[in-house]
Structure formats: structure tokens, C-alpha cells
file coords34.cif (mmCIF, C-alpha atoms)
data_run
#
loop_
_atom_site.label_atom_id
_atom_site.label_comp_id
_atom_site.auth_asym_id
_atom_site.auth_seq_id
_atom_site.Cartn_x
_atom_site.Cartn_y
_atom_site.Cartn_z
CA MET Z 122 22.59 35.06 216.66
CA PRO Z 123 25.21 33.29 214.54
CA ASP Z 124 25.27 33.96 210.80
CA LEU Z 125 23.18 31.58 208.74
CA VAL Z 126 23.90 30.34 205.22
CA LYS Z 127 21.23 29.05 202.90
CA MET Z 128 21.90 25.84 200.99
CA THR Z 129 20.06 23.07 199.14
CA ILE Z 130 20.29 19.46 200.26
CA ASP Z 131 18.57 16.90 198.03
CA GLY Z 132 16.30 19.60 196.67
CA ALA Z 133 15.22 21.02 200.02
CA GLU Z 134 16.35 24.43 201.15
CA VAL Z 135 18.01 24.48 204.57
CA ASN Z 136 19.49 27.20 206.75
CA VAL Z 137 22.71 26.24 208.48
CA GLN Z 138 25.02 28.01 210.86
CA ALA Z 139 28.00 29.46 209.00
CA GLY Z 140 31.16 27.46 209.66
CA ALA Z 141 29.36 24.14 210.08
CA THR Z 142 30.59 21.22 208.02
CA VAL Z 143 28.47 19.97 205.15
CA ALA Z 144 28.25 16.60 206.95
CA ALA Z 145 26.66 18.37 209.94
CA ALA Z 146 24.23 20.13 207.62
CA ILE Z 147 23.21 16.81 206.05
CA LEU Z 148 22.65 15.33 209.52
CA MET Z 149 20.46 18.30 210.47
CA SER Z 150 18.50 18.16 207.21
CA ARG Z 151 17.32 14.59 207.97
CA SER Z 152 17.92 13.82 204.32
CA GLY Z 153 20.26 10.95 205.15
CA PHE Z 154 23.59 10.13 203.59
CA ARG Z 155 24.35 7.99 200.56
CA ARG Z 156 23.59 4.28 200.42
CA SER Z 157 26.17 1.59 199.75
CA VAL Z 158 26.26 -0.41 196.54
CA HIS Z 159 24.07 -3.00 198.24
CA GLY Z 160 21.58 -0.42 199.45
CA GLU Z 161 22.74 -0.11 203.05
CA LEU Z 162 22.58 3.26 204.79
CA ARG Z 163 25.86 5.08 205.27
CA GLY Z 164 26.83 8.03 207.42
CA PRO Z 165 29.81 9.91 208.77
CA VAL Z 166 31.79 7.50 210.94
CA CYS Z 167 35.09 9.25 211.59
CA GLY Z 168 34.25 12.88 210.90
CA MET Z 169 37.87 13.53 209.96
CA GLY Z 170 38.21 12.58 206.31
CA ILE Z 171 39.49 9.04 206.73
CA CYS Z 172 36.51 6.71 206.35
CA PHE Z 173 34.98 8.17 203.18
CA GLU Z 174 31.50 7.17 204.40
CA CYS Z 175 30.04 10.71 204.23
CA ARG Z 176 30.65 11.30 200.54
CA ALA Z 177 28.13 13.31 198.54
CA THR Z 178 28.00 15.38 195.36
CA VAL Z 179 28.70 19.01 196.26
CA ASP Z 180 28.13 21.73 193.66
CA GLY Z 181 28.26 19.10 190.92
CA GLN Z 182 31.50 17.56 192.12
CA PRO Z 183 30.89 13.90 193.00
CA GLN Z 184 32.44 11.86 195.83
CA GLN Z 185 33.27 14.78 198.11
CA ARG Z 186 33.97 14.05 201.78
CA THR Z 187 31.38 16.30 203.37
CA CYS Z 188 32.99 16.22 206.82
CA GLN Z 189 35.92 18.13 205.29
CA LEU Z 190 33.88 20.93 203.69
CA HIS Z 191 32.41 24.05 205.28
CA CYS Z 192 28.92 25.17 204.34
CA LYS Z 193 28.72 28.09 201.96
CA ASP Z 194 25.80 30.21 200.89
CA GLY Z 195 24.09 28.75 197.81
CA MET Z 196 25.78 25.36 198.05
CA VAL Z 197 23.93 22.47 196.38
CA VAL Z 198 24.36 19.01 197.91
CA ASN Z 199 23.06 15.71 196.59
CA THR Z 200 23.57 12.71 198.83
CA ASP Z 201 22.64 9.84 196.54
CA GLU Z 202 23.67 10.14 192.93
CA MET C 28 53.43 -41.18 195.41
CA ASN C 29 51.88 -41.53 191.97
CA VAL C 30 48.31 -40.27 191.84
CA GLY C 31 47.35 -40.64 188.29
CA THR C 32 47.91 -40.47 184.62
CA TYR C 33 46.04 -37.97 182.49
CA ASP C 34 45.58 -37.30 178.79
CA CYS C 35 46.68 -33.76 179.52
CA ILE C 36 47.93 -31.80 182.52
CA VAL C 37 47.55 -28.03 182.44
CA VAL C 38 49.85 -26.11 184.77
CA GLY C 39 48.43 -22.73 185.78
CA SER C 40 44.79 -21.69 186.05
CA GLY C 41 45.08 -18.13 184.89
CA ILE C 42 42.76 -17.25 182.06
CA VAL C 43 44.94 -19.12 179.53
CA GLY C 44 45.27 -22.36 181.53
CA ALA C 45 41.59 -22.30 182.48
CA ALA C 46 40.56 -21.83 178.83
CA CYS C 47 42.87 -24.70 177.80
CA ALA C 48 41.50 -27.05 180.46
CA ALA C 49 37.90 -26.26 179.47
CA SER C 50 38.61 -26.80 175.80
CA PHE C 51 40.53 -30.07 176.25
CA ALA C 52 37.95 -31.48 178.67
CA LYS C 53 35.21 -30.76 176.12
CA ASP C 54 37.25 -32.68 173.56
CA GLY C 55 36.86 -35.71 175.81
CA MET C 56 40.37 -35.71 177.25
CA GLN C 57 41.01 -36.69 180.86
CA VAL C 58 42.44 -33.37 182.12
CA ALA C 59 44.11 -32.20 185.33
CA LEU C 60 44.34 -28.44 185.97
CA ILE C 61 46.84 -27.47 188.65
CA ASP C 62 47.36 -24.19 190.48
CA SER C 63 48.15 -23.34 194.08
CA LEU C 64 46.41 -19.98 193.94
CA GLY C 65 42.93 -20.72 192.63
CA ALA C 66 41.69 -19.55 189.27
CA GLY C 67 42.82 -16.27 187.76
CA LEU C 68 44.62 -14.58 190.61
CA LEU C 69 47.95 -13.36 189.20
CA ALA C 70 48.24 -11.46 185.92
CA THR C 71 44.64 -12.39 185.10
CA ALA C 72 43.43 -10.41 188.11
CA ALA C 73 45.99 -7.62 187.79
CA GLY C 74 45.21 -6.64 184.20
CA MET C 75 42.51 -4.53 182.59
CA GLY C 76 40.47 -7.28 180.93
CA HIS C 77 40.33 -5.52 177.57
CA ILE C 78 39.26 -7.79 174.70
CA VAL C 79 40.86 -5.95 171.83
CA VAL C 80 41.82 -6.54 168.21
CA MET C 81 45.44 -5.39 167.84
CA ASP C 82 47.51 -4.99 164.71
CA ASP C 83 51.12 -4.86 165.81
CA SER C 84 51.78 -7.67 163.33
CA PRO C 85 49.60 -9.72 160.93
CA ALA C 86 49.92 -12.73 163.28
CA GLN C 87 48.81 -10.67 166.28
CA PHE C 88 45.88 -9.31 164.29
CA LEU C 89 44.68 -12.78 163.24
CA LEU C 90 44.99 -14.20 166.75
CA THR C 91 43.23 -11.31 168.51
CA LYS C 92 40.44 -11.16 165.93
CA TYR C 93 39.84 -14.93 166.07
CA SER C 94 39.86 -14.88 169.85
CA GLN C 95 37.58 -11.86 170.13
CA ASN C 96 34.98 -13.72 168.06
CA LEU C 97 35.24 -16.64 170.48
CA TRP C 98 34.63 -14.24 173.40
CA LEU C 99 31.62 -12.70 171.68
CA SER C 100 30.11 -16.20 171.24
CA LEU C 101 30.88 -17.10 174.86
CA SER C 102 29.62 -13.83 176.34
CA ASP C 103 25.98 -14.95 176.60
CA ARG C 104 27.03 -17.73 178.94
CA LEU C 105 29.09 -15.52 181.28
CA PRO C 106 27.44 -14.51 184.57
CA PRO C 107 26.70 -10.81 185.27
CA THR C 108 29.62 -10.77 187.72
CA ALA C 109 31.99 -11.24 184.77
CA GLU C 110 30.92 -7.68 183.81
CA PHE C 111 31.22 -8.33 180.07
CA GLN C 112 30.50 -5.10 178.21
CA LYS C 113 30.88 -4.57 174.48
CA CYS C 114 31.84 -0.94 174.98
CA GLY C 115 34.17 -0.62 171.98
CA THR C 116 37.62 0.92 171.84
CA LEU C 117 38.33 4.50 170.82
CA TRP C 118 41.84 4.94 169.46
CA VAL C 119 42.37 8.69 169.80
CA ALA C 120 44.70 10.75 167.62
CA ALA C 121 46.60 13.62 169.21
CA ASP C 122 48.19 15.05 166.04
CA SER C 123 48.14 14.75 162.25
CA GLU C 124 50.60 11.85 162.28
CA GLU C 125 48.31 9.88 164.57
CA ARG C 126 45.35 10.99 162.47
CA SER C 127 46.88 9.26 159.45
CA GLU C 128 47.27 6.17 161.65
CA VAL C 129 43.47 6.29 162.13
CA GLU C 130 43.03 6.02 158.35
CA ARG C 131 45.57 3.20 158.03
CA LYS C 132 44.05 1.21 160.88
CA HIS C 133 40.52 1.76 159.53
CA ALA C 134 41.49 0.43 156.07
CA LEU C 135 43.22 -2.62 157.53
CA TYR C 136 40.35 -3.53 159.86
CA GLN C 137 37.77 -3.02 157.10
CA ASP C 138 39.77 -5.32 154.81
CA HIS C 139 39.46 -8.03 157.45
CA ASP C 140 35.77 -7.53 158.23
CA VAL C 141 36.30 -5.82 161.57
CA SER C 142 33.79 -3.01 161.71
CA THR C 143 35.30 0.38 162.49
CA GLN C 144 34.24 3.99 162.24
CA ILE C 145 36.35 7.11 161.80
CA LEU C 146 35.25 9.90 164.13
CA SER C 147 35.87 13.58 163.58
CA LYS C 148 37.00 15.85 166.38
CA ASN C 149 33.39 16.87 167.05
CA GLU C 150 31.97 13.36 166.91
CA LEU C 151 34.63 12.25 169.38
CA ALA C 152 33.75 15.12 171.73
CA VAL C 153 30.12 13.96 171.73
CA LEU C 154 31.02 10.34 172.50
CA GLU C 155 33.56 11.15 175.23
CA PRO C 156 33.03 14.71 176.46
CA GLU C 157 35.70 14.43 179.14
CA LEU C 158 38.49 14.08 176.57
CA ARG C 159 40.48 17.26 175.97
CA GLN C 160 39.22 19.39 173.11
CA GLU C 161 42.40 19.56 171.03
CA LEU C 162 42.32 16.01 169.69
CA GLU C 163 42.29 15.10 166.00
CA GLY C 164 39.52 12.50 166.04
CA ALA C 165 39.56 8.77 166.65
CA LEU C 166 38.90 5.30 165.33
CA LEU C 167 36.03 3.42 166.99
CA VAL C 168 36.34 -0.37 167.00
CA GLN C 169 32.81 -1.45 167.94
CA SER C 170 33.48 -5.14 168.58
CA ASP C 171 36.06 -4.57 171.33
CA ALA C 172 34.86 -5.40 174.82
CA VAL C 173 35.90 -5.43 178.46
CA LEU C 174 35.31 -7.97 181.22
CA TYR C 175 36.32 -8.81 184.78
CA ALA C 176 38.84 -11.52 183.98
CA PRO C 177 39.20 -13.37 187.33
CA ILE C 178 35.51 -14.27 187.20
CA ALA C 179 35.86 -15.37 183.57
CA ALA C 180 38.80 -17.59 184.59
CA GLN C 181 36.69 -19.09 187.38
CA CYS C 182 33.86 -19.80 184.94
CA LEU C 183 36.24 -21.53 182.53
CA THR C 184 37.64 -23.61 185.40
CA LEU C 185 34.13 -24.65 186.44
CA ASP C 186 33.38 -25.42 182.80
CA ALA C 187 36.45 -27.68 182.70
CA ALA C 188 35.37 -29.41 185.93
CA SER C 189 31.85 -29.97 184.64
CA HIS C 190 33.37 -31.79 181.66
CA GLY C 191 35.33 -34.08 183.95
CA ALA C 192 38.58 -32.17 184.52
CA VAL C 193 40.24 -32.67 187.89
CA ILE C 194 41.16 -29.39 189.61
CA ILE C 195 44.24 -29.78 191.81
CA ASP C 196 45.12 -27.16 194.41
CA SER C 197 48.86 -27.54 194.75
CA GLU C 198 52.12 -25.92 193.73
CA VAL C 199 53.95 -27.44 190.79
CA ILE C 200 57.68 -27.67 191.48
CA SER C 201 58.88 -29.26 188.27
CA ILE C 202 57.64 -30.59 184.94
CA GLY C 203 59.30 -32.68 182.24
CA GLN C 204 59.68 -36.10 180.61
CA GLY C 205 56.01 -36.82 181.12
CA VAL C 206 56.08 -36.13 184.86
CA VAL C 207 54.67 -33.33 187.03
CA ASN C 208 56.00 -33.07 190.58
CA LEU C 209 53.88 -31.27 193.17
CA ARG C 210 55.03 -29.57 196.38
CA ASP C 211 52.94 -31.98 198.46
CA GLY C 212 54.88 -34.95 197.07
CA ARG C 213 52.30 -36.11 194.58
CA ILE C 214 53.50 -37.11 191.13
CA LEU C 215 51.26 -36.92 188.06
CA GLN C 216 51.96 -38.33 184.62
CA SER C 217 50.98 -37.28 181.12
CA GLN C 218 52.43 -37.21 177.65
CA ARG C 219 50.95 -33.72 177.26
CA ILE C 220 51.98 -31.25 179.92
CA VAL C 221 50.83 -27.72 179.09
CA ASN C 222 52.91 -24.98 180.70
CA ALA C 223 50.39 -22.15 181.10
CA ALA C 224 52.13 -20.63 184.10
CA GLY C 225 52.50 -17.16 182.57
CA GLU C 226 55.13 -15.13 184.38
CA ARG C 227 56.22 -18.30 186.23
CA SER C 228 56.53 -20.39 183.06
CA PRO C 229 60.33 -19.98 182.65
CA GLN C 230 60.91 -21.30 186.18
CA LEU C 231 59.22 -24.55 185.16
CA THR C 232 60.73 -24.70 181.69
CA PRO C 233 64.25 -23.25 181.88
CA GLY C 234 65.42 -21.51 178.73
CA LEU C 235 61.95 -20.33 177.84
CA PRO C 236 62.27 -16.76 176.49
CA VAL C 237 59.62 -15.16 178.72
CA LYS C 238 60.42 -12.10 180.82
CA LYS C 239 58.35 -10.28 183.40
CA ARG C 240 57.08 -6.95 182.15
CA LYS C 241 55.65 -4.93 184.98
CA GLY C 242 52.56 -2.77 184.66
CA HIS C 243 50.71 -0.36 186.95
CA LEU C 244 46.99 0.31 187.17
CA ALA C 245 44.89 2.72 189.22
CA ILE C 246 41.14 2.68 189.81
CA THR C 247 38.96 5.62 190.77
CA ASP C 248 35.93 5.95 192.95
CA ARG C 249 32.54 5.74 191.19
CA TYR C 250 31.78 8.45 188.64
CA PRO C 251 28.91 7.04 186.55
CA GLY C 252 28.82 8.46 183.03
CA PHE C 253 32.33 9.91 183.17
CA LEU C 254 33.63 7.44 180.58
CA ARG C 255 31.79 5.15 178.13
CA HIS C 256 34.40 3.44 175.95
CA GLN C 257 37.82 2.01 176.46
CA VAL C 258 39.95 4.92 175.26
CA VAL C 259 43.55 4.43 174.18
CA GLU C 260 45.99 6.92 172.70
CA LEU C 261 47.32 6.02 169.26
CA GLY C 262 50.70 7.06 170.59
CA TYR C 263 50.41 3.73 172.43
CA LEU C 264 51.90 2.14 169.35
CA LYS C 265 54.94 4.39 169.60
CA SER C 266 55.32 4.49 173.37
CA ALA C 267 54.11 1.15 174.72
CA HIS C 268 55.65 -1.13 172.21
CA THR C 269 59.26 -0.14 172.27
CA LEU C 270 60.87 -3.15 173.84
CA SER C 271 63.61 -1.49 175.83
CA ALA C 272 62.71 1.68 177.72
CA ASP C 273 60.13 2.17 180.48
CA SER C 274 57.01 3.68 179.00
CA VAL C 275 53.56 4.97 179.85
CA ALA C 276 50.48 5.45 177.68
CA PHE C 277 46.98 6.83 178.14
CA ASN C 278 44.59 3.89 178.38
CA VAL C 279 41.35 4.14 180.37
CA GLN C 280 38.45 1.77 180.80
CA PRO C 281 34.89 2.26 182.11
CA ARG C 282 33.74 -0.30 184.68
CA ILE C 283 30.07 -1.17 185.17
CA THR C 284 30.26 0.44 188.63
CA GLY C 285 31.12 3.84 187.17
CA GLN C 286 34.74 3.44 188.23
CA VAL C 287 37.50 4.37 185.79
CA LEU C 288 40.41 1.98 185.43
CA ILE C 289 43.53 3.93 184.46
CA GLY C 290 46.63 2.49 182.71
CA SER C 291 49.19 1.84 181.49
CA SER C 292 52.89 1.39 182.14
CA ARG C 293 55.54 -1.03 180.89
CA GLN C 294 58.83 -1.80 182.58
CA PHE C 295 61.15 -4.78 182.63
CA ASP C 296 61.17 -5.11 186.39
CA THR C 297 60.63 -8.20 188.52
CA THR C 298 59.61 -6.33 191.70
CA SER C 299 55.95 -5.93 192.54
CA GLU C 300 56.03 -2.69 194.57
CA VAL C 301 54.28 0.37 193.16
CA ASP C 302 56.91 2.61 191.55
CA HIS C 303 55.63 6.09 192.36
CA ALA C 304 57.73 7.82 189.71
CA ILE C 305 56.26 5.83 186.83
CA LEU C 306 52.79 5.78 188.41
CA GLY C 307 53.00 9.58 188.54
CA ARG C 308 53.99 9.72 184.87
CA MET C 309 51.13 7.38 183.98
CA LEU C 310 48.54 9.47 185.84
CA ALA C 311 49.91 12.73 184.41
CA ARG C 312 49.53 11.23 180.94
CA ALA C 313 45.91 10.32 181.70
CA VAL C 314 45.19 13.85 182.96
CA GLU C 315 46.69 15.31 179.76
CA TYR C 316 43.99 13.48 177.80
CA MET C 317 41.16 13.79 180.37
CA PRO C 318 41.78 16.91 182.44
CA ARG C 319 38.92 16.36 184.91
CA LEU C 320 40.39 13.02 185.96
CA ALA C 321 42.60 15.18 188.16
CA SER C 322 39.65 15.86 190.46
CA CYS C 323 38.60 12.20 190.71
CA SER C 324 39.64 10.14 193.72
CA ILE C 325 41.81 7.11 193.12
CA ILE C 326 40.97 4.40 195.62
CA ARG C 327 43.58 1.78 194.74
CA THR C 328 46.79 1.30 192.77
CA TRP C 329 48.56 -1.98 192.05
CA THR C 330 51.02 -3.73 189.80
CA GLY C 331 51.14 -6.94 187.80
CA HIS C 332 53.54 -8.75 185.51
CA ARG C 333 52.94 -9.55 181.88
CA ALA C 334 54.68 -12.62 180.47
CA ALA C 335 56.58 -11.02 177.60
CA THR C 336 58.31 -12.70 174.64
CA PRO C 337 61.03 -11.17 172.39
CA ASP C 338 58.72 -10.86 169.36
CA LYS C 339 55.54 -9.89 171.23
CA LEU C 340 53.70 -13.04 170.14
CA PRO C 341 52.65 -15.81 172.54
CA LEU C 342 54.21 -19.27 172.66
CA ILE C 343 51.60 -21.85 171.66
CA GLY C 344 52.53 -25.45 170.82
CA PRO C 345 55.22 -28.05 171.43
CA TRP C 346 58.40 -27.05 173.23
CA PRO C 347 61.42 -28.27 171.24
CA GLY C 348 63.34 -29.15 174.42
CA ASP C 349 60.98 -31.91 175.66
CA GLU C 350 58.39 -33.78 173.60
CA THR C 351 55.97 -34.02 176.54
CA ILE C 352 55.89 -30.25 177.14
CA PHE C 353 53.59 -27.86 175.31
CA LEU C 354 53.46 -24.12 175.87
CA ALA C 355 50.55 -21.75 176.33
CA THR C 356 52.35 -18.73 177.70
CA GLY C 357 54.02 -15.44 176.77
CA HIS C 358 50.77 -13.58 176.06
CA GLU C 359 52.18 -10.22 177.28
CA GLY C 360 49.37 -7.66 177.57
CA LEU C 361 46.89 -9.65 175.50
CA GLY C 362 46.34 -12.79 177.56
CA ILE C 363 42.68 -12.14 178.28
CA THR C 364 41.94 -11.46 174.62
CA THR C 365 43.94 -14.36 173.20
CA SER C 366 43.28 -17.03 175.85
CA LEU C 367 40.32 -18.63 174.07
CA ALA C 368 42.11 -18.80 170.70
CA THR C 369 45.17 -20.28 172.41
CA ALA C 370 43.00 -23.06 173.82
CA GLU C 371 41.35 -23.73 170.45
CA LEU C 372 44.68 -23.83 168.61
CA LEU C 373 46.17 -26.33 171.06
CA SER C 374 42.98 -28.39 171.09
CA ALA C 375 43.07 -28.70 167.27
CA PHE C 376 46.80 -29.40 167.38
CA PHE C 377 46.32 -32.26 169.87
CA SER C 378 43.48 -33.83 167.90
CA GLY C 379 45.30 -33.47 164.59
CA GLN C 380 42.62 -31.20 163.11
CA THR C 381 43.22 -28.17 160.93
CA THR C 382 43.45 -25.04 163.02
CA GLU C 383 41.09 -22.12 162.35
CA ILE C 384 44.09 -19.83 161.72
CA PRO C 385 47.67 -20.97 160.98
CA ILE C 386 49.44 -21.95 164.23
CA GLU C 387 52.96 -21.49 162.81
CA PRO C 388 53.54 -17.86 163.88
CA TYR C 389 53.00 -18.87 167.53
CA LEU C 390 54.94 -22.14 167.61
CA PRO C 391 57.79 -21.98 170.14
CA ALA C 392 60.15 -23.42 167.50
CA ARG C 393 60.03 -20.10 165.61
CA LEU C 394 62.45 -18.63 168.13
CA GLY C 395 65.14 -21.09 167.09
CA GLU C 396 67.29 -23.61 168.86
CA GLY C 397 69.22 -20.98 170.77
CA CYS C 398 66.30 -20.00 172.92
CA HIS C 399 66.19 -23.12 175.05
CA ALA C 400 68.72 -24.64 177.35
#

call {"tool": "encode", "arguments": {"input": "coords34.cif", "output": "C-alpha cells"}}
result
Amino acid sequence: MPDLVKMTIDGAEVNVQAGATVAAAILMSRSGFRRSVHGELRGPVCGMGICFECRATVDGQPQQRTCQLHCKDGMVVNTDE
Amino acid sequence: MNVGTYDCIVVGSGIVGAACAASFAKDGMQVALIDSLGAGLLATAAGMGHIVVMDDSPAQFLLTKYSQNLWLSLSDRLPPTAEFQKCGTLWVAADSEERSEVERKHALYQDHDVSTQILSKNELAVLEPELRQELEGALLVQSDAVLYAPIAAQCLTLDAASHGAVIIDSEVISIGQGVVNLRDGRILQSQRIVNAAGERSPQLTPGLPVKKRKGHLAITDRYPGFLRHQVVELGYLKSAHTLSADSVAFNVQPRITGQVLIGSSRQFDTTSEVDHAILGRMLARAVEYMPRLASCSIIRTWTGHRAATPDKLPLIGPWPGDETIFLATGHEGLGITTSLATAELLSAFFSGQTTEIPIEPYLPARLGEGCHA
């Protein structure tokens, strides 16, 4: 069994495999990514830090590219603020 | 190919030309407004859009205050996309010398019925918590505002058109002796040709003492609540207004989107490429005042050119070198603020009415005979 880390995505507690990216955790949580200014759904397009579509607030720091961050125990992610 | 005679031809539909055209058309003049770029796309689009009362000189103070009042009256008629916000300016003091500048500025503004409030260190920290702690307070000028200037220029152009002005999409290649020559071969005639071409104005009127003064801006991603007022360092007066050396100053503006617009730099430089050395200095200055800006993402940087005059006042009125040419240029970093007053001054001048404030400090003739060819 791989190690699991416990984190909070949009208020819900989720268990994620250690070493996964935060973007992967958001995908698994079914919470959905941010919405555009005009309300359209967004999601990770490139997965390599170029497109900026997967941004979320991570541990209070806004506009983080979640495809470039690894999940850590206790991490708090908010996708739409 | 002669395609018409007008009461007035305005060259350049930046914010100044657009304001002039709107004002003259409302006066009942037959107006042509000419630009090859569309409204408000050069310096008007490149700048911050800060509507600010400034006190570099008594003449600058009168003009900016008069014009700010005109903006406040117009603001109800601007569309939401013009993003007009009366957010106020905070002039922050970094040391005791700048703190005494807060007192001086406060007294001056109060004397002229501009409402201001002196803020202690703690009061400032409450209003703008992202500012560094070791500041010595600030002066809040409540009536200062910000807006998205290209949209305002478009509105003024539409306003001009709705009062009968003809909008001509063409490049002006020369003006003088009552004649305007366009790139497409058309020739227009008027006894009042207003050169409102900003940074391009000296190309059309040789000898005009206007130089390009380059500036850089950067804009961040969206961080709602990070910043609430336009915040400018009082050192701005020392650093940004020396006329010779390159300079940077801390000057940040909140946009409605939550983005932070970061300025400012000043260089006499005609190139338009981003100069990374001075951009770096400008951003470092901003981070000195707002440390957490360092963790914000910047999504775009760009440059623009201010149309600068030797005495930092605009050129408004008849050009001594040609009795058919009138100037509305040289507004340096204050073109958005002073555009509406410029239009009103020229409008009153043309109709022979008394101007709201004396026009003399802005007349091109002040710079003497030596300044034109």
C-alpha cells in the first residue's frame, strides 16, 4: 500500500497518495477546478506549469499552479476564491 | 482631393483629442477627429489611468483639481467597462522628512477645498495591511480615482460623434496653414487644427518642445482584497520628477478585477522594448513597500511614452508658429487626469468665453520664441 496523505479540498477531507500532484488530487476529489471570469469551467490543460488553467489557493497562497505542487499532509486547497 | 472644411480638426484620438472633439462638437462646431489607430490606443492605453490632484506647481494643482471635478461629474455617465472607482490616493511617508511633506500637502489641499486626511502609522496599517510596517503614516486624498482610460477615450469619441463630429480613420502626414494632409491623399481644411497627437505631436509640428518619456508597468494576476487604494510613495516627488536621470518610484493601483497594477519608471528613451534593468528596479522598489507582492504572479509587462515638456506643464492653446494650429499635448504623466480640463479650456478659448481657471500657464507661448522652428 502506498503512503496516503490527508488534505482538505474545498472543505472536504480527502486521502491522496503521497507524491501525487495537487492537480491530480483536485481531479480525484470531484470538486472541480476554478471558473473563468465569465463563469466557464477550467481545468488542467498542460499539466506542466505553462497554461495556468489549474490555479487554486493552496495553504492561503492564491493563484498557485496545482500541477506543479506535490500533496502534503494537512494541505488546504480552495479551488474557487 | 479636398474632402471638406471643418470648424475644427482634432488630430489624435487619445484621451485628450477625444475629450476635445466631444467638447467642441457640443459647442456646435463642425468637428473632424482623425486617428489611424482608433480611440485611446497609445499612451492612453499604456498608462495607469490615475485621476489625481498633483501639486508640483500651482498651475499643475489648479489644472488637475479642475479636471478631477469634471471627471467626477462625468463618472455617472461612464459605462461599467470604464472601471471608474473613486478609491482615493494614499501618499505614504517612509521617513520623518516625508512625514513633514504629509503635513505640508494636507495644509495646501485643505486651503483649496480638496478633502484630505492625515493617517497615523496604525491607521495606515489598517487601510492597507500589505504595506510594510515601518512607514511613518500617509495622506489620504479621498477624491482621487482610477479608470480604464481606453474605454473612457472610446466613450468620449462616441460622444463627439453623437454631437455630429466626423471620425476619420486615417494617418495624418502633415498639418499647417489651415490644411491637414492624410496618408490616403485626402486633404481637409480648417482654421483651427488641434494637434493632440501626444508623443507624435512634434513630428506634426516641428520645433514643439515635447520629448518621449518612457515608462514601464506590470500587472499581476487576480488577488482580490490585496490592495484597496492607489498607493504612491512621497519619495515620488524626489525621485520621479527630476528631469534628467532615469528613475523609479513605488506606485500601485487596485483594479476592479483584483489585479494590482505596478509602476512606475521614467526614462528619456524613444525605444519601446521592456528594459529589464529598470523594470527590475521598479519591481524591487514595489516589494520594498509591499513585501508580499514578491509572491504574486505578474502576468504582463509593457511600456509606453509620456509626452513630456520642459516645465512639466501641458501645451494648451495657439501655437505661435502658425495661426491655424492649436496645441493640446505635452500632458506627461497626467494626460488622463487633465484631458477634460484641456478640452474645456480650449473650448472657452475658441468661443471667446472666460476660462474656468487662467489659461496663461499652459499657453505654448510661455516657452518663448526659441522653442519653435

call {"tool": "atom_distance", "arguments": {"input": "coords34.cif", "atom1": "atom CA of Ser40 of chain C", "atom2": "atom CA of Val301 of chain C"}}
result
25.0 Å

call {"tool": "residues_around", "arguments": {"input": "coords34.cif", "residues": "Cys192 of chain Z", "least_positions_apart": "6", "cutoff": "8 Å", "atoms": "only C-alpha atoms", "output": "list in words"}}
result
Val126, Met128, Val137, Ala139, Gly140, Ala141, Thr142, Val143 and Ala146 of chain Z

call {"tool": "closest_residue", "arguments": {"input": "coords34.cif", "among": "C:Ala180, C:Leu68, C:Leu158, C:Leu354", "to": "Val314 of chain C", "atoms": "all atoms listed in the file"}}
result
C:Leu158

call {"tool": "resolve_selection", "arguments": {"input": "coords34.cif", "expression": "the PyMOL selection byres ((chain Z) within 9 of (chain C))", "output": "compact mmCIF listing (two decimals) with C-alpha atoms, in the coordinates of the input"}}
result
# COMPACT_ATOMS: atom_id res chain seq x y z
CA VAL Z 158 26.26 -0.41 196.54
CA GLN Z 182 31.50 17.56 192.12
CA PRO Z 183 30.89 13.90 193.00
CA GLN Z 184 32.44 11.86 195.83
CA GLU Z 202 23.67 10.14 192.93

call {"tool": "residues_around", "arguments": {"input": "coords34.cif", "residues": "Ser152 of chain Z", "least_positions_apart": "5", "cutoff": "10 Å", "atoms": "all atoms listed in the file", "output": "list of chain:residue names"}}
result
Z:Ile130, Z:Asp131, Z:Gly132, Z:Ala133, Z:Ala146, Z:Ile147, Z:Asn199, Z:Thr200, Z:Asp201

call {"tool": "closest_residue", "arguments": {"input": "coords34.cif", "among": "C:Ala223, C:Leu162, C:Ala48, C:Leu372", "to": "Asn149 of chain C", "atoms": "only C-alpha atoms"}}
result
C:Leu162

call {"tool": "closest_residue", "arguments": {"input": "coords34.cif", "among": "Z:Leu148, Z:Arg155, Z:Asn136, Z:Gly160", "to": "Gln185 of chain Z", "atoms": "all atoms listed in the file"}}
result
Z:Arg155

call {"tool": "residues_around", "arguments": {"input": "coords34.cif", "residues": "segment 104-116 of chain C", "least_positions_apart": "3", "cutoff": "7 Å", "atoms": "all atoms listed in the file", "output": "PyMOL selection string"}}
result
chain C and resi 101+167-176+178-179+255-258+283
